[in-house]
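**Q** Right, I'll just put the structure down here and ask away after.
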Amino acid sequence: MNIIRKISDIKIVSLFLLLLTTSFQCKKNDNPVDAEPVIGQVETIQQHIPLFSARSGEDMITVKFPVVADNQPLVLNKVTISFSVQSKFNGLSSLTIKYSGTSNGKHASSVFASASAVSIETALAGSVELGSGTHFLFLSFNLRNDPDLLTSCHVEKIKLSFKNHEDVIFTPSGKFYYRPAMLLRAAGQDKCDTYRIPGLITTNRGTLIAVYDNRYNGSKDLQEDIDIGMSRSTDGGQTWAPMKVIMDMGEYGNRSRRLNGTGDPCVLYDYKTNTIWAAALWMSGSNYDQALWWASRPGMKPEETGQFLLVKSNDDGLSWSQPINITSQIKDPAWQLLLQGPGRGITIKDGTLVFPAQFKTDLGTKAIDGGQYTCHSTIVYSKDAGKSWQIGTGAKSNTTEAQVVELADGSLMLNMRDDRNRADKGETNGRAVATTTDFGKTWKTHSSSNSSLPEPNCMASLISTYMTINGKTQQVLFFSNPNNKEARSNMTIKASLDGGVTWPDAYQVELNSETGYGYSCLTMVDANTIGILYEGIKELVFQKVEVSEILDGLK
């Protein structure tokens with residue numbers, strides 16, 4: 001019997017209680033000369049981060065325990081790692097356990113053992129003498145070259161076997177799956193300082209199309225030298241073709257590239273006509289020292305106000321059109337700014353194309369709680385396959401970056417970044433959510449609004465799909481964001497089986513606990529797999545997750 005106590009991310013096994021249990025009984029010996037070594041509290045710390053080829057061998061699980069061995073050293077001769085039955089090891093080349101510790105005042109470190117054949121029960125045999133002191137074991141996963149991105153390893157328990165002590169068995173804290181991740185765009189790649197603002201879709205051919213900001217000079221938002229980059233994969237995201245720039249306004253108006261940036265892309269796939277659309281924001285000639293968000297003014301010209309640009313591809317992303325400016329169709333001249341998503345748009349059942357969007361109405365009035373709100377999330381849509389475009393009304397004040405899905409009843413749900421959450425870290429922190437049945441002429445607040453999906457104030461992603469669960473076909477919503485009210489950390493995918501009313505803890509998977517820039521975009525790679533593209537720091541990370549791991553226990 002093992003007594004295991006969970007405190008946050010640390011599992012602590014109480015020495016006093018363990019000594020009372022049958023599996024940790026030590027033979028009583030009144031002769032101090034023959035006293036057996038004793039193991040104190042065992043702690044495990046598990047890093048909740050992805051596996052990267054460039055960082056292969058990084059320590060993921062740390063085991064810490066003290067030993068009292070006054071008369072004879074404790075000899076560790078085997079460590080057995082037990083994985084969950086759902087684990088897949090295709091992308092692993094080996095496991096390694098390193099040892100470090102202090103025995104009787106002397107420090108030592110070494111590789112305890114490695115195992116190249118990884119399976120549900122993986123034993124690593126070695127030998128290390130542990131005298132009195134504190135000892136550490138470090139478990140690392142080593143990846144193959146170009147690892148299968150569906151590799152997924154969940155450590156259920158670890159057993160330490162000794163030559164002269166009972167086995168010690170413990171469970172690492174939390175249920176975390178270690179998965180490979182790909183740096184789709186790395187900082188400095190292609191002479192680009194920073195990659196930001198991911199959008200991601202899947203075409204009818206199964207091709208993945210990713211769009212993003214190429215920020216050449218730094219991480220600064222518009223106005224800057226920024227183009228829209230695009231990456232394309234035809235094998236489910238395992239490999240990607242070289243990056244292609246699909247939107248670049250160059251030196252329009254004889255102004256520098258730093259005053260003609262395009263950014264914040266949103267990508268949409270028309271599955272009825274096999275057309276890919278990408279939208280982006282552009283303005284020409286605004287003050288470089290002032291963010292475009294504030295520099296944009298009422299009006300319609302590129303020199304006055306931000307422009308809503310589109311490009312499209314009719315050949316599965318191989319080639320792209322010149323920019324199409326639809327600002328005059330959808331912008332009110334009195335508005336200071338109108339722009340897309342960012343992220344992704346949708347094509348609904350009747351063929352209407354829908355981009356999430358946002359507009360700003362009162363120049364110079366910052367959106368702060370208790371003041372006059374200036375920003376409104378909405379939708380931009382086309383009922384004629386992109387020939388003409390219309391716009392809805394604002395869904396809620398003080399909201400910006402949004403994502404849209406079509407619900408099972410045909411209504412549209414808009415999931416919005418609510419800038420009130422910059423200050424609100426209480427029970428009313430959460431994504432704002434509204435629905436419409438008339439393409440944004442009117443909006444209804446959803447029951448989950450500002451309560452069900454906590455955020456640190458950041459962009460997020462929302463997609464819809466249909467799946468067979470327990471023999472019944474139903475809609476499933478998937479959502480991703482930094483699952484933390486305070487910081488852009490803990491990138492998490494969540495699922496809802498009731499149209500976004502609830503997001504149960506049982507249907508959530510954390511991918512990365514580290515802090516990054518926090519934007520993300522989801523797509524269904526295929527019927528059983530989700531792809532996610534999200535921001536690290538100046539980089540874009542791509543991962544794949546099987547739906548069965550998110551909807552754990554459902555069939």
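Labels for the structure tokens follow display order: chains A, B, ..., residues from 1 in each chain, ligands from 1.
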Would you give me, as a PyMOL selection string, the residues in stretch 237-391 of chain A that DSSP reads as strand (DSSP E or B)?
**A** chain A and resi 244-247+262-270+275-282+307-313+324-325+337-340+343-344+346-347+353-360+375-382+390-391
**Q** Residues of stretch 139-219 of chain A that approach stretch 110-119 of chain A to 10 Å or less, counting only C-alpha atoms: could you list each one with the shortest pair of atoms and its distance in Å to one decimal, rows by chain and increasing residue number, as a Markdown table?
**A**
| residue | atom | partner | partner_atom | distance |
| --- | --- | --- | --- | --- |
| A:Leu139 | CA | A:Ser114 | CA | 9.7 |
| A:Ser140 | CA | A:Ser114 | CA | 9.5 |
| A:Phe141 | CA | A:Ser114 | CA | 9.9 |
| A:Asn142 | CA | A:Ser116 | CA | 9.2 |
| A:Cys153 | CA | A:Ser119 | CA | 10.0 |
**Q** If you count only C-alpha atoms, which residues fall within 10 Å of A:Lys301, apart from same-chain ones fewer than 5 positions away, as a list in words?
**A** Met283, Ser284, Gly306, Gln307, Thr327, Ser328 and Pro333 of chain A
**Q** Keeping only C-alpha atoms, write the selected residues as an mmCIF file, in the first residue's frame.
**A**
data_model
loop_
_atom_site.group_PDB
_atom_site.id
_atom_site.type_symbol
_atom_site.label_atom_id
_atom_site.label_comp_id
_atom_site.auth_asym_id
_atom_site.auth_seq_id
_atom_site.Cartn_x
_atom_site.Cartn_y
_atom_site.Cartn_z
ATOM 1 C CA MET A 283 -2.228 51.347 -43.633
ATOM 2 C CA SER A 284 0.196 53.567 -45.528
ATOM 3 C CA GLY A 306 -6.529 51.043 -41.723
ATOM 4 C CA GLN A 307 -7.502 49.025 -44.789
ATOM 5 C CA THR A 327 -12.654 48.670 -47.014
ATOM 6 C CA SER A 328 -15.157 50.767 -48.971
ATOM 7 C CA PRO A 333 -16.101 56.438 -42.584
#
**Q** If we count only C-alpha atoms, what is near stretch 487-492 of chain A at a cut-off of 7 Å, once residues fewer than 3 positions away on the same chain are taken out, given as a list in words?
**A**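 Contacts, with the query itself left out: Pro456, Ser480, Asn481, Pro482, Asn483, Asn484, Gln508, Val509, Glu510, Leu511, Asn512, Ser513, Glu514, Thr515, Gly516, Tyr517 and Gly518 of chain A.
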**Q** So which residues touch A:Asp332 within 10 Å, counting only C-alpha atoms, skipping near sequence neighbours fewer than 3 positions away, as a ChimeraX atom specification?
**A** /A:298-300,327-329,335-338,359,361,391
**Q** Since we have the selection now, will you write its residues out, keeping N, CA and C atoms, as a PDB file, in the first residue's frame?
**A**
ATOM      1  N   PRO A 298     -10.622  58.454 -38.648  1.00  0.00           N
ATOM      2  CA  PRO A 298     -11.799  58.365 -39.518  1.00  0.00           C
ATOM      3  C   PRO A 298     -11.419  58.646 -40.963  1.00  0.00           C
ATOM      4  N   GLY A 299     -12.156  58.068 -41.877  1.00  0.00           N
ATOM      5  CA  GLY A 299     -11.877  58.237 -43.300  1.00  0.00           C
ATOM      6  C   GLY A 299     -11.878  56.893 -44.003  1.00  0.00           C
ATOM      7  N   MET A 300     -11.438  56.906 -45.283  1.00  0.00           N
ATOM      8  CA  MET A 300     -11.469  55.688 -46.080  1.00  0.00           C
ATOM      9  C   MET A 300     -10.157  55.425 -46.829  1.00  0.00           C
ATOM     10  N   THR A 327     -12.357  47.678 -48.054  1.00  0.00           N
ATOM     11  CA  THR A 327     -12.654  48.670 -47.014  1.00  0.00           C
ATOM     12  C   THR A 327     -13.897  49.475 -47.347  1.00  0.00           C
ATOM     13  N   SER A 328     -14.028  49.905 -48.590  1.00  0.00           N
ATOM     14  CA  SER A 328     -15.157  50.767 -48.971  1.00  0.00           C
ATOM     15  C   SER A 328     -16.496  50.055 -48.849  1.00  0.00           C
ATOM     16  N   GLN A 329     -16.493  48.714 -48.901  1.00  0.00           N
ATOM     17  CA  GLN A 329     -17.742  47.956 -48.820  1.00  0.00           C
ATOM     18  C   GLN A 329     -18.254  47.824 -47.380  1.00  0.00           C
ATOM     19  N   TRP A 335     -15.676  55.559 -38.399  1.00  0.00           N
ATOM     20  CA  TRP A 335     -14.884  54.689 -37.526  1.00  0.00           C
ATOM     21  C   TRP A 335     -13.398  55.015 -37.657  1.00  0.00           C
ATOM     22  N   GLN A 336     -12.677  54.822 -36.561  1.00  0.00           N
ATOM     23  CA  GLN A 336     -11.230  55.026 -36.592  1.00  0.00           C
ATOM     24  C   GLN A 336     -10.492  53.835 -37.210  1.00  0.00           C
ATOM     25  N   LEU A 337     -11.055  52.644 -37.060  1.00  0.00           N
ATOM     26  CA  LEU A 337     -10.339  51.451 -37.531  1.00  0.00           C
ATOM     27  C   LEU A 337     -11.303  50.283 -37.694  1.00  0.00           C
ATOM     28  N   LEU A 338     -11.042  49.483 -38.700  1.00  0.00           N
ATOM     29  CA  LEU A 338     -11.749  48.214 -38.926  1.00  0.00           C
ATOM     30  C   LEU A 338     -10.721  47.181 -39.351  1.00  0.00           C
ATOM     31  N   PHE A 359     -14.077  46.640 -34.794  1.00  0.00           N
ATOM     32  CA  PHE A 359     -13.969  48.031 -35.217  1.00  0.00           C
ATOM     33  C   PHE A 359     -13.852  48.939 -34.002  1.00  0.00           C
ATOM     34  N   THR A 361     -14.407  53.006 -32.594  1.00  0.00           N
ATOM     35  CA  THR A 361     -15.296  54.096 -32.973  1.00  0.00           C
ATOM     36  C   THR A 361     -14.976  55.452 -32.384  1.00  0.00           C
ATOM     37  N   ILE A 391     -21.181  43.754 -43.279  1.00  0.00           N
ATOM     38  CA  ILE A 391     -20.690  43.739 -41.907  1.00  0.00           C
ATOM     39  C   ILE A 391     -21.841  43.809 -40.923  1.00  0.00           C
TER      40      ILE A 391
END
**Q** If we count only C-alpha atoms, what is near A:Gln86 at a cut-off of 10 Å, once residues fewer than 6 positions away on the same chain are taken out, given as a ChimeraX atom specification?
**A** /A:120,152-154,177,548-549
**Q** When you count only C-alpha atoms, which of these residues is closest to A:Ile158: A:Gln189, A:Thr80, A:Asn470, A:Asn204?
**A** A:Thr80
**Q** Between A:Gly105, A:Gly91, A:Gly499, A:Gly133, which has the minimum distance to A:Tyr178 (counting only C-alpha atoms)?
**A**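 Using only C-alpha atoms, A:Tyr178 sits closest to A:Gly91.
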**Q** Of the residues A:Thr468, A:Ser233, A:Thr239, A:Ser87, which is the one nearest to A:Phe176, using only C-alpha atoms?
**A**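 Checking each candidate against A:Phe176, we get A:Ser87 as the closest.
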**Q** Which residues are close to stretch 225-228 of chain A, i.e. within 8 Å by only C-alpha atoms, leaving aside same-chain residues fewer than 4 positions away? Reply as a list in words.
**A**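 Using only C-alpha atoms, the neighbours found are Val211, Tyr212, Asp213, Asn214, Arg215, Tyr216, Asn217, Val245, Ile246, Met247, Asp248, Met249, Arg257, Arg258, Leu259, Asn260, Gly261, Thr262, Gly263, Pro265 and Ala280 of chain A.
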**Q** Keeping N, CA and C atoms, export the residues of the selection given above as a PDB file, in the first residue's frame.
**A**
ATOM      1  N   VAL A 211      -1.020  30.874 -41.821  1.00  0.00           N
ATOM      2  CA  VAL A 211      -0.644  32.254 -42.124  1.00  0.00           C
ATOM      3  C   VAL A 211      -0.193  32.926 -40.828  1.00  0.00           C
ATOM      4  N   TYR A 212       0.597  34.017 -40.981  1.00  0.00           N
ATOM      5  CA  TYR A 212       1.177  34.647 -39.802  1.00  0.00           C
ATOM      6  C   TYR A 212       1.865  35.945 -40.201  1.00  0.00           C
ATOM      7  N   ASP A 213       2.197  36.739 -39.193  1.00  0.00           N
ATOM      8  CA  ASP A 213       2.989  37.951 -39.405  1.00  0.00           C
ATOM      9  C   ASP A 213       4.466  37.602 -39.560  1.00  0.00           C
ATOM     10  N   ASN A 214       5.097  38.117 -40.598  1.00  0.00           N
ATOM     11  CA  ASN A 214       6.559  38.175 -40.690  1.00  0.00           C
ATOM     12  C   ASN A 214       6.987  39.549 -40.172  1.00  0.00           C
ATOM     13  N   ARG A 215       7.475  39.619 -38.949  1.00  0.00           N
ATOM     14  CA  ARG A 215       7.885  40.893 -38.357  1.00  0.00           C
ATOM     15  C   ARG A 215       9.411  40.976 -38.445  1.00  0.00           C
ATOM     16  N   TYR A 216       9.883  41.708 -39.437  1.00  0.00           N
ATOM     17  CA  TYR A 216      11.289  41.644 -39.816  1.00  0.00           C
ATOM     18  C   TYR A 216      12.234  42.309 -38.817  1.00  0.00           C
ATOM     19  N   ASN A 217      11.814  43.410 -38.219  1.00  0.00           N
ATOM     20  CA  ASN A 217      12.737  44.208 -37.414  1.00  0.00           C
ATOM     21  C   ASN A 217      12.625  43.987 -35.914  1.00  0.00           C
ATOM     22  N   VAL A 245       5.689  34.558 -48.944  1.00  0.00           N
ATOM     23  CA  VAL A 245       5.015  35.809 -48.616  1.00  0.00           C
ATOM     24  C   VAL A 245       3.815  35.968 -49.538  1.00  0.00           C
ATOM     25  N   ILE A 246       2.631  36.153 -48.955  1.00  0.00           N
ATOM     26  CA  ILE A 246       1.416  36.242 -49.772  1.00  0.00           C
ATOM     27  C   ILE A 246       0.777  37.633 -49.726  1.00  0.00           C
ATOM     28  N   MET A 247       1.280  38.510 -48.867  1.00  0.00           N
ATOM     29  CA  MET A 247       0.763  39.877 -48.841  1.00  0.00           C
ATOM     30  C   MET A 247       1.888  40.826 -48.431  1.00  0.00           C
ATOM     31  N   ASP A 248       2.228  41.747 -49.352  1.00  0.00           N
ATOM     32  CA  ASP A 248       3.340  42.672 -49.135  1.00  0.00           C
ATOM     33  C   ASP A 248       3.036  43.945 -49.913  1.00  0.00           C
ATOM     34  N   MET A 249       2.804  45.044 -49.215  1.00  0.00           N
ATOM     35  CA  MET A 249       2.452  46.298 -49.879  1.00  0.00           C
ATOM     36  C   MET A 249       3.679  47.136 -50.244  1.00  0.00           C
ATOM     37  N   ARG A 257       8.924  50.597 -46.387  1.00  0.00           N
ATOM     38  CA  ARG A 257       8.216  49.387 -45.974  1.00  0.00           C
ATOM     39  C   ARG A 257       7.761  49.479 -44.511  1.00  0.00           C
ATOM     40  N   ARG A 258       8.492  50.212 -43.704  1.00  0.00           N
ATOM     41  CA  ARG A 258       8.124  50.351 -42.298  1.00  0.00           C
ATOM     42  C   ARG A 258       6.835  51.151 -42.139  1.00  0.00           C
ATOM     43  N   LEU A 259       6.420  51.854 -43.197  1.00  0.00           N
ATOM     44  CA  LEU A 259       5.161  52.607 -43.164  1.00  0.00           C
ATOM     45  C   LEU A 259       4.123  51.993 -44.099  1.00  0.00           C
ATOM     46  N   ASN A 260       4.319  50.724 -44.476  1.00  0.00           N
ATOM     47  CA  ASN A 260       3.370  50.016 -45.339  1.00  0.00           C
ATOM     48  C   ASN A 260       3.169  48.569 -44.886  1.00  0.00           C
ATOM     49  N   GLY A 261       3.215  48.342 -43.594  1.00  0.00           N
ATOM     50  CA  GLY A 261       3.093  46.976 -43.094  1.00  0.00           C
ATOM     51  C   GLY A 261       1.687  46.420 -43.231  1.00  0.00           C
ATOM     52  N   THR A 262       1.607  45.110 -43.385  1.00  0.00           N
ATOM     53  CA  THR A 262       0.327  44.379 -43.332  1.00  0.00           C
ATOM     54  C   THR A 262       0.431  43.352 -42.207  1.00  0.00           C
ATOM     55  N   GLY A 263      -0.635  43.190 -41.425  1.00  0.00           N
ATOM     56  CA  GLY A 263      -0.524  42.286 -40.289  1.00  0.00           C
ATOM     57  C   GLY A 263      -1.840  41.754 -39.786  1.00  0.00           C
ATOM     58  N   PRO A 265      -3.213  38.510 -39.620  1.00  0.00           N
ATOM     59  CA  PRO A 265      -3.985  37.779 -40.631  1.00  0.00           C
ATOM     60  C   PRO A 265      -5.093  36.909 -40.058  1.00  0.00           C
ATOM     61  N   ALA A 280      -6.056  40.771 -44.016  1.00  0.00           N
ATOM     62  CA  ALA A 280      -5.023  41.415 -43.204  1.00  0.00           C
ATOM     63  C   ALA A 280      -5.278  42.914 -43.149  1.00  0.00           C
TER      64      ALA A 280
END
**Q** Please, which residues of stretch 26-77 of chain A, numbered as in this document, come out helix (DSSP H, G or I) from DSSP, as a ChimeraX atom specification?
**A** /A:32-34,53-55
**Q** Store the residues picked out above in a file with N, CA and C atoms, as a compact mmCIF listing (two decimals), in the first residue's frame.
**A**
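Wrote again_36.txt, looks like this:
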# COMPACT_ATOMS: atom_id res chain seq x y z
N PRO A 32 22.69 -1.18 15.88
CA PRO A 32 22.95 -0.05 14.98
C PRO A 32 24.01 -0.35 13.94
N VAL A 33 24.87 -1.31 14.21
CA VAL A 33 25.91 -1.66 13.24
C VAL A 33 25.29 -2.22 11.97
N ASP A 34 24.16 -2.94 12.14
CA ASP A 34 23.50 -3.56 10.98
C ASP A 34 22.28 -2.76 10.51
N SER A 53 12.90 18.64 -30.98
CA SER A 53 14.10 17.94 -31.45
C SER A 53 15.37 18.69 -31.06
N ALA A 54 15.34 20.02 -31.17
CA ALA A 54 16.53 20.82 -30.86
C ALA A 54 16.86 20.79 -29.37
N ARG A 55 15.89 20.40 -28.55
CA ARG A 55 16.11 20.35 -27.10
C ARG A 55 16.01 18.92 -26.59
**Q** For A:Asp419, which residue out of A:Arg144, A:Leu309, A:Ser321, A:Asn398 is the nearest one, using only C-alpha atoms?
**A**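 Looking only at the distances to A:Asp419, the closest residue turns out to be A:Asn398.
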**Q** Measuring atom to atom with only C-alpha atoms, identify which of A:Glu546, A:Asp59, A:Asp438, A:Asp148 is nearest to A:Gly237.
**A**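 The shortest atom-to-atom distance to A:Gly237 comes from A:Asp148.
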**Q** For each of A:Thr400, A:Asn314, A:Thr171, A:Ser93, take the minimum atom-to-atom distance to A:Lys159, counting only C-alpha atoms, then give the residue where this is smallest.
**A**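 Comparing A:Thr400, A:Asn314, A:Thr171, A:Ser93 against A:Lys159, the winner is A:Thr171.
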**Q** Could you tell me how far atom CA of A:Thr44 sits from atom CA of A:Asn104, in Å to one decimal place?
**A**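 Calculated distance between atom CA of A:Asn104 and atom CA of A:Thr44 is 22.8 Å.
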